[in-house]
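Chemist: Before I ask anything, here is the structure I am working with.
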Amino acid sequence: MPASLLLEQSLNGLQFGLMLFLLAAGLTLVFGIMDMINLAHGSLYMIGAYFMASFAQATGSFWLGLPLALIATAIVGALLEISLLRRLYGRDHLTQVLATFAVILIANELVRIVWGSQPVLLNTPAELSGPVTLPGGMPYASYRLAIIAVGAVVAVLLYLLVTKTRVGMLVRAGASNREMAVAMGVNIRRLFTIVFALGAALCALAGAMLGPIFAVQVGMGENILILAFVVIVIGGIGSVRGALVGALLVGIVDTSGRAFLPLFFSLFLPPQFASAAGPAVASILIYLLMAVVLYFRPQGLFPARG
Amino acid sequence: MRAIGVFLLLALFPLAMQAMDSMFYVSLASRILIYAIAATSLNLVLGYGGMVSFGHAAFFGAGAFVVGIMAVEGVRSAWLAWPAAVAVAALAALVIGALSLRTRGVYFIMITLAFAQMVYYIFVSLKTYGGDDGLSLPGRSTVGIGTLGNDLVWYYVVLAVLAAVLYGLHRLVHSRFGRVIAAIRENEARAEAIGFPVYRYKLACFVIAGAVGGLAGALIANQSSYVSPSLLHWIQSGTLMIMVILGGVGTLWGGVIGAAVLLGLEHLIADYRIGWLAALAPNYQDHGGLAVGIVLLAIVMLAPEGLAGLFARRRDA
């Protein structure tokens with residue numbers, strides 16, 4: 001197997017993993033602090049991507065559109081939290097599933113009404129449309145490298161925010177023991193609106209960055225939502241560090257499975273079986289990974305609750 | 001005795017439709033009844049057993065594919081294909097349940113989801129049997145004297161299966177087994193301390209629900225003589241769960257009410273044009289999901305115990 005292919009697939013896995021982390025970070029905090037199952041998290045990802053497409057077109061620049069899309073999605077997230085989700089914290093998980101499933105349906109239809117049913121085009125910024133040559137002489141899409149850079153920077157910032165700032169301390173307190181945090185005088189309602197808006201902005205960032213690679217279309221949030229849930233369950237619910245590790249694991253396993261399993265199967269299977277079995281087993285791999293992790297570590301890799 | 005009244009009405013329904021020359025509604029009704037069976041089977045494990053399974057579509061879809069694959073391979077007898085569907089679904093539930101039931105709470109939700117997605121991808125990869133595109137059946141199953149192709153006959157077959165499933169569920173939850181399951185749901189540690197083999201009871205409950213889910217799958221494959229892998233997708237598991245929560249978790253009629261309301265609502269919005277609403281927004285019917293979502297939200301806020309809970313409270317008052 002050529003080393004360049006291995007490097008390319010590792011970079012692709014890293015890129016996908018970092019974007020999954022942006023989604024999973026918000027989800028794991030919401031889940032960890034408020035014990036709330038939010039299926040509508042994927043809808044924020046979708047809305048972020050659509051905002052990005054519109055703002056990028058209106059301003060004529062990817063980099064001007066990006067902050068606007070993040071702010072707009074954060075506002076949508078905060079409004080959603082204040083108007084609806086706040087009323088669901090005290091309810092059981094099943095009610096939360098039903099209500100946020102309803103939010104998915106509503107969000108999908110609103111997007112269809114505003115932007116139409118056809119996928120929306122979102123171009124890579126012109127300066128990042130070509131390939132760059134990596135050390136070792138391999139060409140690689142510069143936009144994908146930019147995604148890795150953005151994801152890594154945000155991961156570091158988020159780490160500093162959670163471990164070094166006062167807001168981060170309150171978040172960690174809320175995730176490890178909510179009642180105690182409230183008893184100590186933390187304004188958990190305001191904290192949660194902030195966390196939710198931040199999570200929405202991270203969703204929008206992932207949606208905006210992945211938009212030029214995947215299609216911006218209705219329903220794009222549903223499939224990636226399940227991957228984000230897999231990530232936070234592997235990492236341990238409520239743990240940002242766990243979300244990062246889980247996201248990178250899922251990203252790399254998924255990407256390399258898709259790239260290498262068909263090759264691997266073709267070594268000993270007839271081609272028609274290999275081409276069918278490869279993608280199927282690759283899709284199954286991450287769920288298998290989750291099942292194995294849960295079997296040995298039922299609380300995930302980095303349990304947040306002490 | 002209310003149950004007999006409901007089934008009498010359901011039995012008379014197609015005759016009324018025939019008189020009004022609207023046989024389309026008979027076909028729609030049998031579809032709703034099949035989903036009612038699937039939702040009822042989920043309600044056994046989710047409502048009565050307290051095990052929030054997010055992967056019930058795996059059993060529903062597996063049952064459908066067993067009937068589909070056997071029909072394509074030339075085995076169209078219902079007496080062979082349907083028990084095979086039930087057996088495969090039960091076997092899948094046995095394996096998935098045995099592994100999943102070692103976890104609790106949210107982790108149980110996620111691991112059942114994970115296994116169901118694995119089953120989904122397995123069937124998508126079966127290119128010989130349609131893969132992504134799904135599988136068209138040569139026709140409905142045969143029962144010896146002929147096929148079940150007639151929509152009126154088919155409706156009564158589905159209705160009979162639903163009646164049997166509801167009666168079986170009623171007997172099951174009032175049996176010793178059902179009471180042990182309820183005890184485990186209310187306080188697992190205590191049930192364990194009393195000496196019940198909790199794990200085995202939960203697994204048995206999970207397998208029974210999976211088997212009935214497979215039976216519903218066998219019916220849905222026949223309904224439109226077409227099997228799609230979307231029957232196995234997590235959205236399908238979510239939809240069945242929504243039906244159960246909507247209708248009433250842990251109530252006998254919960255699954256039936258939920259299926260009827262959800263599918264009925266979708267159909268109603270698509271087929272009936274409301275004048276004043278159309279004047280405001282001419283293509284509002286293309287956005288049926290919006291109305292369904294709003295109604296679901298309203299129900300969450302106004303009827304915390306599902307629609308069956310709403311009826312029950314009104315009876316008490």
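Chain labels A, B, ... are given in the sequence in which chains occur in the structure tokens; within each chain residues are numbered consecutively from 1, and ligands are likewise numbered from 1 in the order shown.
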Just the residues within 10 Å of range 227-232 of chain A, please, counting only C-alpha atoms, with nothing from its chain fewer than 3 positions along; format it as JSON, numbers by chain.

Modeler: {"A": [17, 19, 20, 21, 22, 23, 24, 25, 26, 27, 28, 29, 31, 32, 37, 38, 39, 41, 42, 222, 223, 224, 235, 236, 237, 238, 239, 240, 241, 242, 243, 244, 245, 246, 247, 248, 249, 250, 251, 286, 287, 289, 290, 291, 300, 301, 302], "B": [110, 111, 113, 114]}

Chemist: What does the file look like for those residues with C-alpha atoms, as a compact mmCIF listing (two decimals), in the first residue's frame?

Modeler:
# COMPACT_ATOMS: atom_id res chain seq x y z
CA GLY A 17 -13.21 13.84 12.85
CA MET A 19 -15.87 18.54 12.04
CA LEU A 20 -17.70 15.81 13.97
CA PHE A 21 -16.10 17.22 17.10
CA LEU A 22 -17.64 20.65 16.44
CA LEU A 23 -21.07 19.00 16.38
CA ALA A 24 -20.41 16.68 19.27
CA ALA A 25 -19.00 19.33 21.61
CA GLY A 26 -22.28 21.24 21.82
CA LEU A 27 -24.33 18.05 21.96
CA THR A 28 -22.30 16.52 24.78
CA LEU A 29 -22.57 19.66 26.93
CA PHE A 31 -26.68 16.25 27.20
CA GLY A 32 -24.24 16.31 30.10
CA ILE A 37 -31.65 14.50 24.41
CA ASN A 38 -31.70 17.07 21.63
CA LEU A 39 -32.39 15.47 18.26
CA HIS A 41 -28.97 19.51 17.06
CA GLY A 42 -28.58 18.25 13.48
CA GLU A 222 -30.20 13.70 10.33
CA ASN A 223 -27.40 11.34 9.31
CA ILE A 224 -24.60 13.33 10.85
CA GLY A 235 -16.31 9.71 24.54
CA GLY A 236 -18.49 9.78 27.63
CA ILE A 237 -21.53 12.05 27.86
CA GLY A 238 -20.69 15.54 29.13
CA SER A 239 -16.96 15.37 28.45
CA VAL A 240 -15.52 17.74 25.84
CA ARG A 241 -12.22 15.88 25.91
CA GLY A 242 -14.14 12.63 25.36
CA ALA A 243 -15.97 14.24 22.44
CA LEU A 244 -12.63 15.16 20.83
CA VAL A 245 -11.16 11.68 21.23
CA GLY A 246 -14.42 10.02 20.16
CA ALA A 247 -14.75 12.30 17.12
CA LEU A 248 -11.21 11.63 15.93
CA LEU A 249 -11.68 7.88 16.46
CA VAL A 250 -14.96 7.84 14.52
CA GLY A 251 -13.59 10.11 11.79
CA ILE A 286 -18.21 2.82 13.71
CA TYR A 287 -21.28 1.23 15.27
CA LEU A 289 -16.60 0.49 17.59
CA MET A 290 -19.30 2.03 19.79
CA ALA A 291 -20.68 -1.36 20.83
CA GLY A 300 -17.68 5.85 27.67
CA LEU A 301 -13.97 6.57 27.53
CA PHE A 302 -13.99 9.75 29.68
CA MET B 110 -27.70 4.31 21.78
CA ILE B 111 -26.54 0.71 21.56
CA LEU B 113 -29.66 2.27 17.68
CA ALA B 114 -26.16 1.15 16.75

Chemist: Considering only C-alpha atoms, extract the chain B residues located within 9 Å of chain A and return them as number ranges by chain.

Modeler: B: 52, 99-100, 102-104, 106-107, 110-111, 113-115, 117-119, 121-127, 234-235, 238-239, 241-242, 245-246, 286-301, 304

Chemist: Give me, as a ChimeraX atom specification, all polymer residues having an atom no more than 12 Å from range 172-177 of chain A, counting only C-alpha atoms and skipping those fewer than 4 positions away in the same chain.

Modeler: /A:28-36,159,161-168,181-189,191-192,195,236-241,302-306

Chemist: Show which residues sit within 9 Å of Thr124 in chain A, as a ChimeraX atom specification. Count only C-alpha atoms, and ignore same-chain residues fewer than 4 positions away.

Modeler: /A:62,128-129,143,209,211-213

Chemist: Produce a file of the selected residues containing N, CA and C atoms, as a PDB file, in the first residue's frame.

Modeler:
ATOM      1  N   PHE A  62     -16.615  34.183   1.051  1.00  0.00           N
ATOM      2  CA  PHE A  62     -16.753  33.069   2.006  1.00  0.00           C
ATOM      3  C   PHE A  62     -16.437  33.553   3.417  1.00  0.00           C
ATOM      4  N   LEU A 128      -8.718  28.913  -1.986  1.00  0.00           N
ATOM      5  CA  LEU A 128      -8.467  27.571  -1.458  1.00  0.00           C
ATOM      6  C   LEU A 128      -8.980  26.485  -2.395  1.00  0.00           C
ATOM      7  N   SER A 129      -9.193  26.834  -3.667  1.00  0.00           N
ATOM      8  CA  SER A 129      -9.829  25.842  -4.542  1.00  0.00           C
ATOM      9  C   SER A 129      -8.806  24.875  -5.142  1.00  0.00           C
ATOM     10  N   TYR A 143      -8.379  23.232   0.537  1.00  0.00           N
ATOM     11  CA  TYR A 143      -9.559  23.527   1.355  1.00  0.00           C
ATOM     12  C   TYR A 143      -9.692  22.534   2.513  1.00  0.00           C
ATOM     13  N   MET A 209     -18.311  24.753   6.916  1.00  0.00           N
ATOM     14  CA  MET A 209     -17.056  24.229   6.386  1.00  0.00           C
ATOM     15  C   MET A 209     -17.287  22.983   5.531  1.00  0.00           C
ATOM     16  N   GLY A 211     -20.096  22.295   3.996  1.00  0.00           N
ATOM     17  CA  GLY A 211     -21.046  22.607   2.926  1.00  0.00           C
ATOM     18  C   GLY A 211     -20.488  22.426   1.521  1.00  0.00           C
ATOM     19  N   PRO A 212     -19.283  22.977   1.235  1.00  0.00           N
ATOM     20  CA  PRO A 212     -18.745  22.818  -0.123  1.00  0.00           C
ATOM     21  C   PRO A 212     -18.371  21.370  -0.459  1.00  0.00           C
ATOM     22  N   ILE A 213     -18.187  20.516   0.556  1.00  0.00           N
ATOM     23  CA  ILE A 213     -17.787  19.124   0.293  1.00  0.00           C
ATOM     24  C   ILE A 213     -19.009  18.232   0.143  1.00  0.00           C
TER      25      ILE A 213
END

Chemist: Tell me, as a PDB file with N, CA and C atoms, in the first residue's frame, which residues lie within 12 Å of Tyr25 in chain B, counting only C-alpha atoms; anything in the same chain fewer than 6 positions away does not count.

Modeler:
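Result written to part23.pdb:
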ATOM      1  N   PHE B  13     -65.933  -0.758   8.730  1.00  0.00           N
ATOM      2  CA  PHE B  13     -65.376   0.365   7.982  1.00  0.00           C
ATOM      3  C   PHE B  13     -65.256   0.110   6.465  1.00  0.00           C
ATOM      4  N   PRO B  14     -64.651  -1.038   6.052  1.00  0.00           N
ATOM      5  CA  PRO B  14     -64.496  -1.215   4.597  1.00  0.00           C
ATOM      6  C   PRO B  14     -65.823  -1.379   3.878  1.00  0.00           C
ATOM      7  N   LEU B  15     -66.822  -1.906   4.572  1.00  0.00           N
ATOM      8  CA  LEU B  15     -68.126  -2.048   3.926  1.00  0.00           C
ATOM      9  C   LEU B  15     -68.709  -0.677   3.640  1.00  0.00           C
ATOM     10  N   ALA B  16     -68.551   0.226   4.611  1.00  0.00           N
ATOM     11  CA  ALA B  16     -69.030   1.595   4.406  1.00  0.00           C
ATOM     12  C   ALA B  16     -68.269   2.246   3.255  1.00  0.00           C
ATOM     13  N   MET B  17     -66.940   2.019   3.208  1.00  0.00           N
ATOM     14  CA  MET B  17     -66.127   2.616   2.154  1.00  0.00           C
ATOM     15  C   MET B  17     -66.517   2.062   0.783  1.00  0.00           C
ATOM     16  N   GLN B  18     -66.857   0.747   0.789  1.00  0.00           N
ATOM     17  CA  GLN B  18     -67.267   0.120  -0.461  1.00  0.00           C
ATOM     18  C   GLN B  18     -68.572   0.738  -0.968  1.00  0.00           C
ATOM     19  N   ARG B  31     -52.764  -0.101   5.964  1.00  0.00           N
ATOM     20  CA  ARG B  31     -51.418   0.403   6.216  1.00  0.00           C
ATOM     21  C   ARG B  31     -51.295   0.922   7.649  1.00  0.00           C
ATOM     22  N   ILE B  32     -52.300   1.699   8.073  1.00  0.00           N
ATOM     23  CA  ILE B  32     -52.292   2.239   9.439  1.00  0.00           C
ATOM     24  C   ILE B  32     -52.329   1.102  10.453  1.00  0.00           C
ATOM     25  N   ASP B 151     -57.861  -6.234  -1.875  1.00  0.00           N
ATOM     26  CA  ASP B 151     -57.635  -5.277  -0.795  1.00  0.00           C
ATOM     27  C   ASP B 151     -58.595  -5.466   0.379  1.00  0.00           C
ATOM     28  N   LEU B 152     -59.815  -5.906   0.071  1.00  0.00           N
ATOM     29  CA  LEU B 152     -60.801  -6.106   1.138  1.00  0.00           C
ATOM     30  C   LEU B 152     -60.384  -7.297   2.001  1.00  0.00           C
ATOM     31  N   TYR B 155     -57.391  -6.370   4.094  1.00  0.00           N
ATOM     32  CA  TYR B 155     -57.732  -5.546   5.250  1.00  0.00           C
ATOM     33  C   TYR B 155     -58.168  -6.422   6.417  1.00  0.00           C
ATOM     34  N   GLY B 264     -52.696   9.290   9.929  1.00  0.00           N
ATOM     35  CA  GLY B 264     -53.931   9.955   9.528  1.00  0.00           C
ATOM     36  C   GLY B 264     -53.691  11.434   9.288  1.00  0.00           C
ATOM     37  N   HIS B 267     -51.790  12.101   6.096  1.00  0.00           N
ATOM     38  CA  HIS B 267     -52.658  11.891   4.949  1.00  0.00           C
ATOM     39  C   HIS B 267     -53.656  13.033   4.786  1.00  0.00           C
ATOM     40  N   LEU B 268     -54.200  13.445   5.931  1.00  0.00           N
ATOM     41  CA  LEU B 268     -55.217  14.496   5.942  1.00  0.00           C
ATOM     42  C   LEU B 268     -54.664  15.777   5.330  1.00  0.00           C
ATOM     43  N   ASP B 271     -54.179  15.459   1.532  1.00  0.00           N
ATOM     44  CA  ASP B 271     -55.333  15.217   0.666  1.00  0.00           C
ATOM     45  C   ASP B 271     -56.479  16.215   0.767  1.00  0.00           C
TER      46      ASP B 271
END

Chemist: Contacts of range 225-229 of chain B at 8 Å or less, counting only C-alpha atoms, minus same-chain residues fewer than 4 places along, as JSON, numbers by chain?

Modeler: {"B": [61, 64, 65, 68, 120, 123, 124, 131, 132, 133, 134, 135, 136, 137, 138, 139, 140, 220, 221, 233]}

Chemist: Kindly export the residues of the current selection with N, CA and C atoms, as a short mmCIF file (atom, residue, chain, number, x, y, z; two decimals), in the first residue's frame.

Modeler:
data_model
loop_
_atom_site.label_atom_id
_atom_site.label_comp_id
_atom_site.auth_asym_id
_atom_site.auth_seq_id
_atom_site.Cartn_x
_atom_site.Cartn_y
_atom_site.Cartn_z
N GLY B 61 -38.03 -4.17 9.72
CA GLY B 61 -37.46 -4.25 8.38
C GLY B 61 -36.95 -5.64 8.05
N ALA B 64 -39.78 -7.72 7.00
CA ALA B 64 -40.21 -7.35 5.65
C ALA B 64 -39.27 -7.96 4.61
N PHE B 65 -37.96 -7.89 4.87
CA PHE B 65 -37.00 -8.39 3.89
C PHE B 65 -37.05 -9.91 3.77
N GLY B 68 -39.84 -10.54 1.53
CA GLY B 68 -39.48 -10.07 0.20
C GLY B 68 -38.52 -11.02 -0.49
N TYR B 120 -29.33 -2.29 9.15
CA TYR B 120 -29.68 -1.46 7.99
C TYR B 120 -28.62 -1.57 6.90
N PHE B 123 -28.53 -4.91 5.00
CA PHE B 123 -29.53 -5.09 3.95
C PHE B 123 -29.29 -4.17 2.76
N VAL B 124 -28.75 -2.96 3.02
CA VAL B 124 -28.42 -2.07 1.91
C VAL B 124 -27.35 -2.70 1.03
N GLY B 131 -30.60 -3.78 -2.78
CA GLY B 131 -29.72 -2.78 -2.19
C GLY B 131 -30.46 -1.51 -1.83
N ASP B 132 -29.89 -0.37 -2.26
CA ASP B 132 -30.49 0.93 -1.98
C ASP B 132 -31.89 1.09 -2.56
N ASP B 133 -32.11 0.45 -3.74
CA ASP B 133 -33.36 0.70 -4.46
C ASP B 133 -34.55 -0.04 -3.88
N GLY B 134 -34.30 -1.02 -3.03
CA GLY B 134 -35.39 -1.80 -2.49
C GLY B 134 -35.75 -2.94 -3.42
N LEU B 135 -36.75 -3.69 -3.00
CA LEU B 135 -37.06 -4.96 -3.65
C LEU B 135 -38.55 -4.98 -3.99
N SER B 136 -38.85 -5.24 -5.27
CA SER B 136 -40.26 -5.37 -5.66
C SER B 136 -40.66 -6.83 -5.59
N LEU B 137 -41.81 -7.10 -4.98
CA LEU B 137 -42.29 -8.48 -4.85
C LEU B 137 -43.18 -8.82 -6.04
N PRO B 138 -43.21 -10.11 -6.45
CA PRO B 138 -44.10 -10.48 -7.54
C PRO B 138 -45.58 -10.32 -7.17
N GLY B 139 -45.90 -10.22 -5.90
CA GLY B 139 -47.29 -10.06 -5.48
C GLY B 139 -47.40 -10.39 -4.01
N ARG B 140 -48.64 -10.34 -3.50
CA ARG B 140 -48.82 -10.65 -2.08
C ARG B 140 -48.65 -12.15 -1.82
N ILE B 220 -46.12 -5.48 6.17
CA ILE B 220 -45.87 -4.25 5.39
C ILE B 220 -45.24 -4.60 4.04
N ALA B 221 -44.48 -5.72 3.99
CA ALA B 221 -43.91 -6.14 2.70
C ALA B 221 -45.04 -6.50 1.74
N HIS B 233 -34.23 2.04 8.50
CA HIS B 233 -33.44 3.22 8.86
C HIS B 233 -33.83 3.75 10.24
#

Chemist: Would you work out the distance separating CA of Leu307 in chain B from CA of Gly250 in chain B, expressed in Å to one decimal?

Modeler: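 Taking CA of Leu307 in chain B and CA of Gly250 in chain B, their separation equals 12.0 Å.
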
Chemist: Just asking: which residues within range 145-278 of chain A are helix (DSSP H, G or I) according to DSSP, as a ChimeraX atom specification?

Modeler: /A:145-164,166-176,178-183,188-210,220-235,240-266,271-278

Chemist: Please indicate the distance in Å from CA of Gly151 in chain A to CA of Leu210 in chain A, rounded to one decimal place.

Modeler: 11.2 Å
